[in-house]
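Worksheet: one structure, shown below.
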Amino acid sequence: MRNVTQGKFLLACSVCFLIGWLLGNGRPTSLLADPTPSKKVASLPFPMSARLGGNLYLQTSAEYRACCRGIYKCAELRLETALERAVAKLTKPAVVMDLDETVLDNSAFQTFLYKNDLEYTDDLWADYEENYPQDVTLIPGAKPFIDRAEALGVAVIFISNRSEHYKKSTESALKRNGIDAGNSAGRLYLKPKGGTSDKSARREAAAAKYNVVMYFGDNLRDFSESFQAAKLTKDATPEDYLKAIKQRASSADEAACHWGIDWFVLPNPVYGEWEKLIGPDPTAVLHPTSMKGKVPAP
């Protein structure tokens, strides 16, 4: 895959990735019953009220749909080209896909939190994941790509940090959206109980069984742990956060040979690894213009 000439697809997909990266931050939404706050509260930099714009973008903007469809169409064309140009017929070719906000749209869960004046907690997410597969929809363009890949004889492997404990619910969400979850033992790699969110071992397990030619995700850690956000101390300064942001951006730039070629990023303006580097004052890491503020007329 890496030897395939980079073309116009790289530019198109990279633009879509950049849009998602700049807009990003949050988690999905649904109409859950009994919105009782749970004890397992995640440490998040933004309250739900600050995530409304990102969720509106996901659920209402035609631009988001166009972006996702463009990414998946580029990937489809790249996949066809890769298979055609392979020196020898690839044995057991596969693509590896994340699920949440890459294939599965959980934005209804985000709406549920906002409308009920709740903050994200692990327990609320677990309730949604286990009991509300009927609220899960698909990311635009995901199913056409999956259908085309399978028609080309390419296995579609899902690696997700959804819980192995709720595997049946995840399979149900896939099936009700028309995605084959058959032989899930060899196609669905979920997070084991007590396991880590690091997907490296699961990626390696998939690579040991298949000739993986593409990866898809909405978080850069879906591709490599090298994109993990730096862990800063409580006394970290805005300069420390800015330095960590630049380092992570540099890592993304250094992987330019992958974007739009064999790594494809879906935009997620609601949540993700990037928000860990925002810090207690979000405005401190923003870059303003050189314009001077004007004093309002009395």
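All residue names refer to the structure tokens as shown: chains lettered A, B, ... in order, residues numbered from 1 in each chain, ligands numbered from 1 in order.
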
Worksheet item: Do you know which residues are at most 8 Å from region 208-219 of chain A counting only C-alpha atoms, after dropping those on the same chain fewer than 3 positions away, and could you put them as a list in words?
Response: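 My list of contacting residues is Met1, Leu79, Leu90, Thr91, Lys92, Pro93, Ala94, Val95, Val96, Met97, Asp98, Leu99, Glu101, Thr102, Glu204, Ala205, Asp222, Phe223, Ile261, Asp262, Trp263, Phe264, Val265, Leu266, Pro267, Asn268, Gly272 and Glu273 of chain A.
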
Using only C-alpha atoms, please write the residues we just selected to a file, as a PDB file, in the first residue's frame.
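Saved the output as result-v3.pdb:
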ATOM      1  CA  MET A   1       0.000   0.000   0.000  1.00  0.00           C
ATOM      2  CA  LEU A  79      -8.674   0.071  -2.215  1.00  0.00           C
ATOM      3  CA  LEU A  90      -3.148 -10.488  -2.022  1.00  0.00           C
ATOM      4  CA  THR A  91      -4.012 -13.367   0.280  1.00  0.00           C
ATOM      5  CA  LYS A  92      -6.644 -12.662   2.921  1.00  0.00           C
ATOM      6  CA  PRO A  93      -6.743  -8.861   2.380  1.00  0.00           C
ATOM      7  CA  ALA A  94      -8.527  -6.895   5.091  1.00  0.00           C
ATOM      8  CA  VAL A  95      -9.362  -3.409   6.296  1.00  0.00           C
ATOM      9  CA  VAL A  96      -9.472  -2.566  10.014  1.00  0.00           C
ATOM     10  CA  MET A  97     -12.131  -0.151  11.208  1.00  0.00           C
ATOM     11  CA  ASP A  98     -12.873   1.488  14.534  1.00  0.00           C
ATOM     12  CA  LEU A  99     -16.600   1.521  15.378  1.00  0.00           C
ATOM     13  CA  GLU A 101     -17.844   7.695  15.227  1.00  0.00           C
ATOM     14  CA  THR A 102     -16.106   5.798  12.438  1.00  0.00           C
ATOM     15  CA  GLU A 204      -1.295  -7.035  15.867  1.00  0.00           C
ATOM     16  CA  ALA A 205      -3.709  -9.965  16.302  1.00  0.00           C
ATOM     17  CA  ASP A 222      -6.886   4.049  16.204  1.00  0.00           C
ATOM     18  CA  PHE A 223      -3.767   3.954  14.041  1.00  0.00           C
ATOM     19  CA  ILE A 261      -3.313   6.231   1.403  1.00  0.00           C
ATOM     20  CA  ASP A 262      -3.825   3.483   3.962  1.00  0.00           C
ATOM     21  CA  TRP A 263      -4.956   5.514   6.998  1.00  0.00           C
ATOM     22  CA  PHE A 264      -8.306   7.333   6.855  1.00  0.00           C
ATOM     23  CA  VAL A 265      -9.578   9.667   9.601  1.00  0.00           C
ATOM     24  CA  LEU A 266     -13.252  10.490  10.122  1.00  0.00           C
ATOM     25  CA  PRO A 267     -14.045  13.896  11.702  1.00  0.00           C
ATOM     26  CA  ASN A 268     -15.281  13.864  15.294  1.00  0.00           C
ATOM     27  CA  GLY A 272     -11.225  12.447  21.319  1.00  0.00           C
ATOM     28  CA  GLU A 273      -7.583  12.179  22.344  1.00  0.00           C
TER      29      GLU A 273
END

Item to complete: List the neighbours of Ser163 (chain A) out to 12 Å using only C-alpha atoms; skip same-chain residues closer than 6 positions along the sequence, and give me the result as a list in words.
Response: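 After dropping sequence-adjacent residues, the list is Leu99, Asp100, Asp122, Trp125, Ala126, Asp127, Tyr128, Glu129, Glu130, Ser169, Thr170, Glu171, Leu188, Tyr189, Leu190, Lys191, Pro192, Lys193, Gly194, Gly195, Thr196 and Ser197 of chain A.
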
Item to complete: Determine which residues of region 48-163 of chain A receive a DSSP assignment of strand (DSSP E or B), computed from the backbone, and state them as a ChimeraX atom specification.
Response: /A:93-97,100,104-105,121,137-138,155-163

What would the file look like if the residues just selected were written as a PDB file, in the first residue's frame with C-alpha atoms?
ATOM      1  CA  PRO A  93      -6.743  -8.861   2.380  1.00  0.00           C
ATOM      2  CA  ALA A  94      -8.527  -6.895   5.091  1.00  0.00           C
ATOM      3  CA  VAL A  95      -9.362  -3.409   6.296  1.00  0.00           C
ATOM      4  CA  VAL A  96      -9.472  -2.566  10.014  1.00  0.00           C
ATOM      5  CA  MET A  97     -12.131  -0.151  11.208  1.00  0.00           C
ATOM      6  CA  ASP A 100     -17.781   4.545  17.379  1.00  0.00           C
ATOM      7  CA  LEU A 104     -21.392   3.759  14.257  1.00  0.00           C
ATOM      8  CA  ASP A 105     -23.005   7.138  14.927  1.00  0.00           C
ATOM      9  CA  THR A 121     -19.812   9.282  32.888  1.00  0.00           C
ATOM     10  CA  THR A 137     -27.104   4.740  13.412  1.00  0.00           C
ATOM     11  CA  LEU A 138     -24.322   4.746  10.815  1.00  0.00           C
ATOM     12  CA  ALA A 155     -12.478  -8.859   5.044  1.00  0.00           C
ATOM     13  CA  VAL A 156     -13.752  -6.035   7.256  1.00  0.00           C
ATOM     14  CA  ILE A 157     -12.350  -6.207  10.799  1.00  0.00           C
ATOM     15  CA  PHE A 158     -13.702  -4.059  13.626  1.00  0.00           C
ATOM     16  CA  ILE A 159     -11.412  -3.028  16.504  1.00  0.00           C
ATOM     17  CA  SER A 160     -13.259  -1.017  19.119  1.00  0.00           C
ATOM     18  CA  ASN A 161     -13.030   0.004  22.745  1.00  0.00           C
ATOM     19  CA  ARG A 162     -16.640  -0.961  23.205  1.00  0.00           C
ATOM     20  CA  SER A 163     -16.811  -3.541  25.978  1.00  0.00           C
TER      21      SER A 163
END

Worksheet item: For Tyr57 (chain A), which of A:Gly70, A:Gly178, A:Pro269, A:Pro140 is the closest residue, counting only C-alpha atoms?
Response: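 Under the stated criterion, the closest residue is A:Pro269.
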
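The protein and nucleic acid residues lying at most 8 Å from Ala142 (chain A) are Arg69, Tyr72, Thr102, Val103, Leu138, Ile139, Phe145 and Ile146 of chain A, with only C-alpha atoms considered and sequence neighbours fewer than 3 positions away removed.
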
Worksheet item: So which residues touch Ile245 (chain A) within 9 Å, counting only C-alpha atoms, skipping near sequence neighbours fewer than 4 positions away, as a PyMOL selection string?
Response: chain A and resi 229-230+240-241+249-250+274+277-278+285

May I have the residues from that selection written out with N, CA and C atoms, as a short mmCIF file (atom, residue, chain, number, x, y, z; two decimals), in the first residue's frame?
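This went into part_2.cif:
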data_model
loop_
_atom_site.label_atom_id
_atom_site.label_comp_id
_atom_site.auth_asym_id
_atom_site.auth_seq_id
_atom_site.Cartn_x
_atom_site.Cartn_y
_atom_site.Cartn_z
N ALA A 229 -1.81 11.39 23.65
CA ALA A 229 -1.53 12.72 24.20
C ALA A 229 -0.60 12.62 25.39
N ALA A 230 0.30 13.56 25.48
CA ALA A 230 1.23 13.58 26.61
C ALA A 230 0.46 13.77 27.91
N ASP A 240 3.16 24.56 28.42
CA ASP A 240 3.35 23.11 28.41
C ASP A 240 2.30 22.45 27.52
N TYR A 241 1.08 22.93 27.61
CA TYR A 241 0.01 22.38 26.77
C TYR A 241 0.27 22.67 25.30
N ALA A 249 0.92 17.33 16.82
CA ALA A 249 0.70 17.75 15.45
C ALA A 249 1.87 17.34 14.56
N SER A 250 3.08 17.46 15.10
CA SER A 250 4.27 17.05 14.34
C SER A 250 4.24 15.55 14.05
N TRP A 274 -7.42 14.40 21.41
CA TRP A 274 -6.93 15.77 21.33
C TRP A 274 -7.38 16.63 22.50
N LEU A 277 -5.37 17.68 25.74
CA LEU A 277 -4.32 18.69 25.73
C LEU A 277 -4.87 20.11 25.70
N ILE A 278 -6.14 20.27 26.08
CA ILE A 278 -6.74 21.60 26.07
C ILE A 278 -6.36 22.38 27.33
N VAL A 285 -4.83 28.13 24.70
CA VAL A 285 -4.14 27.39 23.64
C VAL A 285 -4.64 27.80 22.25
#

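Across A:Leu232, A:Gln110, A:Glu119, A:Ile179, the tightest approach to Lys143 (chain A) is made by A:Ile179 when counting only C-alpha atoms.
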
Item to complete: Name the residues of region 39-150 of chain A that fall into alpha helix (DSSP H) according to DSSP on the backbone, using the chain letters and numbers of this document, as a ChimeraX atom specification.
Response: /A:52-60,62-85,107-115,122-131,142-150

Item to complete: Could you tell me how far CA of Leu58 (chain A) lies from CA of Phe112 (chain A), in Å and to one decimal?
Response: 14.4 Å
